[in-house]
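As structure tokens, the structure follows; a few thoughts come after it.
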Number of protein chains: 2
Amino acid sequence: MNDAPFDDGGPKSRRRSVSGPTSADVARLAGVSRSTVSRTFTPGASIDPVTAARVRAAAEELRYSVDPLARSLISRRSDTVGLVMGGLENPFYPAVAAGFMERLQQRDLRVMCHVAADIEAVADGVRAMLRYRVDALIVTASGMSNAAVDDCRRAGVTVIFFNRAVTLSAASSVQTDNVAGGRAVADHLAACGYARPAYVAGLANASTNRDRQAGFTDRLAERRLPAPRVESGGYTYEGGCDAATRLLRTKPRPDAIFCANDIMAMGVLDTLRHAHGLSVPDDMAVVGFDDVPMAGWPSFDLTTVRQRRNRMIEVTLDLLDDLRGDAEAPPVHRLIPGRLILRSSTRSP
Amino acid sequence: MNDAPFDDGGPKSRRRSVSGPTSADVARLAGVSRSTVSRTFTPGASIDPVTAARVRAAAEELRYSVDPLARSLISRRSDTVGLVMGGLENPFYPAVAAGFMERLQQRDLRVMCHVAADIEAVADGVRAMLRYRVDALIVTASGMSNAAVDDCRRAGVTVIFFNRAVTLSAASSVQTDNVAGGRAVADHLAACGYARPAYVAGLANASTNRDRQAGFTDRLAERRLPAPRVESGGYTYEGGCDAATRLLRTKPRPDAIFCANDIMAMGVLDTLRHAHGLSVPDDMAVVGFDDVPMAGWPSFDLTTVRQRRNRMIEVTLDLLDDLRGDAEAPPVHRLIPGRLILRSSTRSP
DNA sequence: GTGAAAGCGCTAACAT
DNA sequence: ATGTTAGCGCTTTCAC
């Protein structure tokens with residue numbers, strides 16, 4: 001054993017806290033300068049491969065890894081991505097969140113999460129994350145003020161909206177072609193012979209809701225069908241239940257209900273069947289949007305517009321790679337087509 | 001306008017990057033030292049209220065806020081909590097995650113998230129988070145190696161398992177009393193006159209699953225009922241469907257199925273009703289665990305054991321407050337009672 | 001390609 | 001209660 005009996009640390013050993021070895025330790029062991037160690041762990045730096053190998057070996061031996069906080073302090077990036085979500089009640093969003101996390105983790109990026117119900121809370125979360133120097137921000141929350149987007153651009157942080165339209169702001173977006181989705185539903189209902197459509201809306205100011213409604217309504221008009229009766233369901237199951245009840249009281253009673261998401265559609269279905277004893281699709285058709293896994297369960301077997309979730313996530317991350325660190329880059333907008341999935345909550349054409 | 005025509009920054013102005021004002025700027029404006037500024041923004045520091053007010057005013061004017069990364073570098077805490085999750089398919093977990101995030105945000109703590117399917121991935125995520133100096137770790141993933149827990153203790157990071165039993169490790173835990181939950185189900189089924197119980201298991205090595213099964217089985221034995229036939233459902237809907245099909249082939253056929261979570265119970269229900277035309281609860285009783293919102297929907301109306309989610313979250317955060325920064329503190333284990341919710345998937349007693 | 005020196009923005013130790 | 005000094009661990013000029 002190699003004792004060092006008098007090693008009380010010397011004069012400057014102010015009992016270094018529990019943290020691990022530093023680049024200085026590695027430099028000493030490898031016989032190079034600290035800069036060289038740093039360069040070894042900086043992707044595109046120019047360095048002699050042999051030296052690099054020696055440094056890596058030393059790092060391995062000491063079980064050294066770069067302190068990301070110290071690195072961030074000077075390099076002004078953090079290898080961290082912020083994920084701002086509006087809520088996780090609709091199962092579409094946890095699936096999206098998990099998809100992002102898995103893929104970001106694979107790229108060795110950390111994920112900082114925030115849930116925010118309203119536009120104010122979104123701004124707060126964004127600002128908090130900017131202070132932590134996130135490299136980029138993915139926003140699935142429904143609203144974000146232009147002021148907050150500006151803060152991001154000023155900080156050099158690219159923002160991508162996931163399933164949110166972006167008007168006049170500097171942010172990019174990736175979303176399902178919600179208008180086309182709404183149109184497809186109108187076409188399908190028309191083809192099946194339904195004649196009195198209704199629409200159960202999500203949140204009034206969510207672009208997803210507006211686009212789905214616009215596509216649906218426009219296409220109905222093009223096919224000379226009446227404008228749909230509209231009730232709000234607030235994107236929740238209970239909201240769908242209530243909307244269904246209200247729709248049943250209207251005259252003439254609708255014969256087909258398109259809901260802005262699957263959860264509301266399930267509320268509608270349950271209410272029609274269990275509270276009013278109606279048969280779907282014979283008495284009434286019900287269509288949703290998202291194609292969450294539950295939509296395919298036999299209890300619902302819901303006709304719906306599938307969002308290509310994984311594709312949307314991939315596209316978002318590709319965009320992130322392109323845009324990261326270049327806050328001046330012009331915003332990019334990508335529309336991913338959805339797909340109408342026919343099930344038994346609508347008649348066959 | 002107050003021009004400063006020759007202010008090219010002077011010799012040392014190496015064009016400071018886009019970041020905002022620093023504590024030095026505030027110190028200058030307020031006429032105090034940087035330490036005083038720092039103390040103003042450090043909760044329990046001793047400082048003259050009048051001075052503090054002046055500093056705050058200066059900070060406000062410059063729109064200054066502490067750089068958390070620089071602070072972390074020296075203070076060795078980050079005001080960030082790590083949340084390690086096993087997956088978000090079971091809607092119980094997104095709800096838990098959202099609950100934690102909302103409350104942590106209120107305390108002005110950031111949340112770093114990680115999803116990890118297996119014990120290896122959990123360890124990787126934990127280690128990555130430790131490098132980012134998270135102050136504490138909340139783990140809802142099903143497994144974590146003792147080595148990873150040790151890493152945390154060495155780093156001074158308290159770990160709390162949420163709904164996971166902890167054996168022989170230094171971590172604390174908060175969980176539903178799963179054993180009691182299983183026992184309550186056995187009592188209820190016995191009281192309703194069911195005589196041939198079955199159990200659909202979750203993941204074999206999850207403590208939630210083991211405890212629920214143990215409580216159920218033990219209580220059945222105490223009541224002189226046969227040991228339940230066991231089929232695995234892997235905590236998924238599809239797993240529940242398959243398990244139901246297998247159970248229907250066994251002789252004697254079970255008349256009551258207790259599932260380790262609601263999602264599997266819904267798979268069982270759907271399969272019994274739609275694939276086999278059976279009636280629940282007349283031909284067969286089905287019981288779940290969790291009481292996710294869907295369990296109350298009329299399509300399922302599932303008898304289940306409710307987990308007091310919000311209570312569990314509060315308890316976890318209280319524990320966090322007590323334990324944070326004190327990695328030597330002995331681990332604490334809290335058991336929260338569940339509650340059997342009676343619905344129509346079981347007969348009345 | 002490599003090293004020396006300067007400092008990112010902050011807080012902790014020590015002195016007063 | 002406040003100021004001074006040192007330094008967290010790293011990357012980045014700037015020389016060579």
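The way I read the labels, and the way they are meant: chains A, B, ... in the order of the structure tokens, residue 1 as the first residue of every chain, and ligand 1 as the first ligand shown, with later ones counted on from there.
Any residue of chain D with an atom no more than 7 Å from chain A counts as a contact; using only C-alpha atoms (C1' of nucleotides), that gives DG9, DC10 and DT11 of chain D.
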Q.
With only C-alpha atoms (C1' of nucleotides) considered, list every residue of chain C at most 9 Å from chain B, as a PyMOL selection string.
A. chain C and resi 8-12
Write the selection just made, keeping all heavy atoms, as a CSV table (one decimal), in the first residue's frame?
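Produced file result-v1.csv, reproduced below:
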```csv
chain,number,residue,atom,x,y,z
C,8,DC,P,-15.6,38.0,-17.6
C,8,DC,OP1,-15.5,39.0,-18.7
C,8,DC,OP2,-15.6,38.4,-16.2
C,8,DC,O5',-16.8,37.0,-17.9
C,8,DC,C5',-17.0,36.4,-19.2
C,8,DC,C4',-17.9,35.2,-19.0
C,8,DC,O4',-17.0,34.1,-18.7
C,8,DC,C3',-18.9,35.3,-17.9
C,8,DC,O3',-20.1,35.6,-18.4
C,8,DC,C2',-18.9,33.9,-17.2
C,8,DC,C1',-17.6,33.2,-17.8
C,8,DC,N1,-16.5,32.9,-16.8
C,8,DC,C2,-16.1,31.5,-16.6
C,8,DC,O2,-16.7,30.6,-17.3
C,8,DC,N3,-15.1,31.3,-15.7
C,8,DC,C4,-14.6,32.3,-15.0
C,8,DC,N4,-13.6,32.0,-14.2
C,8,DC,C5,-15.0,33.6,-15.2
C,8,DC,C6,-16.0,33.9,-16.1
C,9,DG,P,-20.8,36.9,-18.1
C,9,DG,OP1,-21.9,37.0,-19.0
C,9,DG,OP2,-19.8,38.0,-18.0
C,9,DG,O5',-21.4,36.7,-16.6
C,9,DG,C5',-22.4,35.7,-16.4
C,9,DG,C4',-22.3,35.4,-14.9
C,9,DG,O4',-21.0,34.9,-14.6
C,9,DG,C3',-22.6,36.5,-14.0
C,9,DG,O3',-23.8,36.3,-13.3
C,9,DG,C2',-21.4,36.5,-13.0
C,9,DG,C1',-20.8,35.1,-13.2
C,9,DG,N9,-19.4,35.0,-13.0
C,9,DG,C8,-18.5,35.9,-13.3
C,9,DG,N7,-17.3,35.5,-13.0
C,9,DG,C5,-17.4,34.3,-12.4
C,9,DG,C6,-16.5,33.4,-11.8
C,9,DG,O6,-15.3,33.5,-11.7
C,9,DG,N1,-17.1,32.3,-11.3
C,9,DG,C2,-18.4,32.0,-11.3
C,9,DG,N2,-18.9,30.9,-10.8
C,9,DG,N3,-19.3,32.8,-11.9
C,9,DG,C4,-18.8,34.0,-12.4
C,10,DC,P,-24.3,37.1,-12.0
C,10,DC,OP1,-25.8,37.0,-12.0
C,10,DC,OP2,-23.6,38.4,-11.9
C,10,DC,O5',-23.7,36.2,-10.8
C,10,DC,C5',-24.3,34.9,-10.6
C,10,DC,C4',-23.4,34.0,-9.8
C,10,DC,O4',-22.1,34.2,-10.2
C,10,DC,C3',-23.4,34.4,-8.3
C,10,DC,O3',-24.4,33.6,-7.7
C,10,DC,C2',-22.0,34.0,-7.9
C,10,DC,C1',-21.2,33.9,-9.1
C,10,DC,N1,-20.0,34.7,-9.2
C,10,DC,C2,-18.8,34.2,-8.7
C,10,DC,O2,-18.8,33.1,-8.2
C,10,DC,N3,-17.7,35.0,-8.8
C,10,DC,C4,-17.8,36.2,-9.4
C,10,DC,N4,-16.7,37.0,-9.4
C,10,DC,C5,-19.0,36.8,-9.8
C,10,DC,C6,-20.1,36.0,-9.7
C,11,DT,P,-24.9,34.0,-6.3
C,11,DT,OP1,-26.2,33.3,-6.0
C,11,DT,OP2,-24.8,35.4,-6.1
C,11,DT,O5',-23.8,33.3,-5.3
C,11,DT,C5',-23.7,31.9,-5.3
C,11,DT,C4',-22.5,31.5,-4.5
C,11,DT,O4',-21.3,32.2,-5.0
C,11,DT,C3',-22.6,31.7,-3.0
C,11,DT,O3',-22.0,30.6,-2.4
C,11,DT,C2',-21.8,33.0,-2.9
C,11,DT,C1',-20.7,32.7,-3.9
C,11,DT,N1,-19.9,33.9,-4.4
C,11,DT,C2,-18.5,33.8,-4.3
C,11,DT,O2,-17.9,32.9,-3.9
C,11,DT,N3,-17.9,35.0,-4.9
C,11,DT,C4,-18.5,36.1,-5.4
C,11,DT,O4,-17.9,37.0,-5.8
C,11,DT,C5,-19.9,36.1,-5.4
C,11,DT,C7,-20.7,37.2,-6.0
C,11,DT,C6,-20.6,35.0,-4.9
C,12,DA,P,-22.3,30.2,-1.0
C,12,DA,OP1,-22.9,28.9,-1.1
C,12,DA,OP2,-23.0,31.3,-0.3
C,12,DA,O5',-20.8,30.0,-0.4
C,12,DA,C5',-20.0,29.1,-1.1
C,12,DA,C4',-18.6,29.2,-0.4
C,12,DA,O4',-18.0,30.4,-0.8
C,12,DA,C3',-18.7,29.3,1.1
C,12,DA,O3',-17.6,28.5,1.6
C,12,DA,C2',-18.6,30.7,1.4
C,12,DA,C1',-17.8,31.3,0.3
C,12,DA,N9,-18.2,32.6,-0.2
C,12,DA,C8,-19.5,33.1,-0.2
C,12,DA,N7,-19.5,34.3,-0.7
C,12,DA,C5,-18.2,34.7,-1.0
C,12,DA,C6,-17.6,35.8,-1.5
C,12,DA,N6,-18.3,36.9,-1.8
C,12,DA,N1,-16.3,35.8,-1.6
C,12,DA,C2,-15.6,34.7,-1.3
C,12,DA,N3,-16.0,33.6,-0.8
C,12,DA,C4,-17.4,33.6,-0.7
```
Q. Suppose you want the space between CA of Asp242 (chain A) and CA of Ala206 (chain A); what is it in Å?
A. 19.8 Å
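Candidate residues A:His274, A:Arg127, A:Arg210, A:His333 were compared for distance to chain B, and the nearest is A:His274, using only C-alpha atoms.
Near region 178-186 of chain B, within a cut-off of 6 Å and counting only C-alpha atoms (C1' of nucleotides), sit the residues Asp211, Arg212, Gly215, Phe216, Arg219 and Leu220 of chain B, with same-chain residues fewer than 4 positions away left out.
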Any chance you could export the current selection's N, CA and C atoms as an mmCIF file, in the first residue's frame?
```
data_model
loop_
_atom_site.group_PDB
_atom_site.id
_atom_site.type_symbol
_atom_site.label_atom_id
_atom_site.label_comp_id
_atom_site.auth_asym_id
_atom_site.auth_seq_id
_atom_site.Cartn_x
_atom_site.Cartn_y
_atom_site.Cartn_z
ATOM 1 N N ASP B 211 -46.592 -6.580 -4.241
ATOM 2 C CA ASP B 211 -47.347 -6.277 -3.025
ATOM 3 C C ASP B 211 -48.846 -6.469 -3.224
ATOM 4 N N ARG B 212 -49.340 -6.019 -4.367
ATOM 5 C CA ARG B 212 -50.778 -6.179 -4.609
ATOM 6 C C ARG B 212 -51.147 -7.652 -4.648
ATOM 7 N N GLY B 215 -50.916 -9.230 -1.026
ATOM 8 C CA GLY B 215 -52.059 -8.873 -0.198
ATOM 9 C C GLY B 215 -53.305 -9.639 -0.615
ATOM 10 N N PHE B 216 -53.508 -9.711 -1.899
ATOM 11 C CA PHE B 216 -54.676 -10.398 -2.453
ATOM 12 C C PHE B 216 -54.641 -11.878 -2.089
ATOM 13 N N ARG B 219 -54.920 -12.682 1.732
ATOM 14 C CA ARG B 219 -56.251 -12.490 2.302
ATOM 15 C C ARG B 219 -57.236 -13.542 1.813
ATOM 16 N N LEU B 220 -57.070 -13.940 0.561
ATOM 17 C CA LEU B 220 -57.919 -15.020 0.047
ATOM 18 C C LEU B 220 -57.715 -16.280 0.884
#
```
Q: Going by DSSP on the backbone, which bits of region 122-339 of chain A are helix (DSSP H, G or I)? Write them as a PyMOL selection string, please.
A: chain A and resi 122-131+146-154+178-191+207-222+237-249+262-275+293-296+309-323
Q: May I ask you to extract the residues of chain A within 8 Å of chain B, using only C-alpha atoms, and to give them as a ChimeraX atom specification?
A: /A:18-19,67-70,72-73,87-89,91,94-95,98,101-102,105,110-116,128-129,131-132,154-155,270,274,297-299
Q: Please provide as number ranges by chain all residues within 12 Å of Ser207 (chain A), with the sequence filter that same-chain residues fewer than 2 positions apart are discarded (counting only C-alpha atoms (C1' of nucleotides)).
A: A: 140-144, 161-167, 173, 175-179, 201-205, 209-215, 260
Q.
Could you list, as a list in words, every residue within 12 Å of region 3-5 of chain D, counting only C-alpha atoms (C1' of nucleotides) and ignoring same-chain residues fewer than 2 positions away?
A. Ala27, Gly31, Val32, Ser33, Arg34, Ser35, Thr36 and Val37 of chain B; DT11, DA12, DA13, DC14, DA15 and DT16 of chain C; DA1 and DG7 of chain D
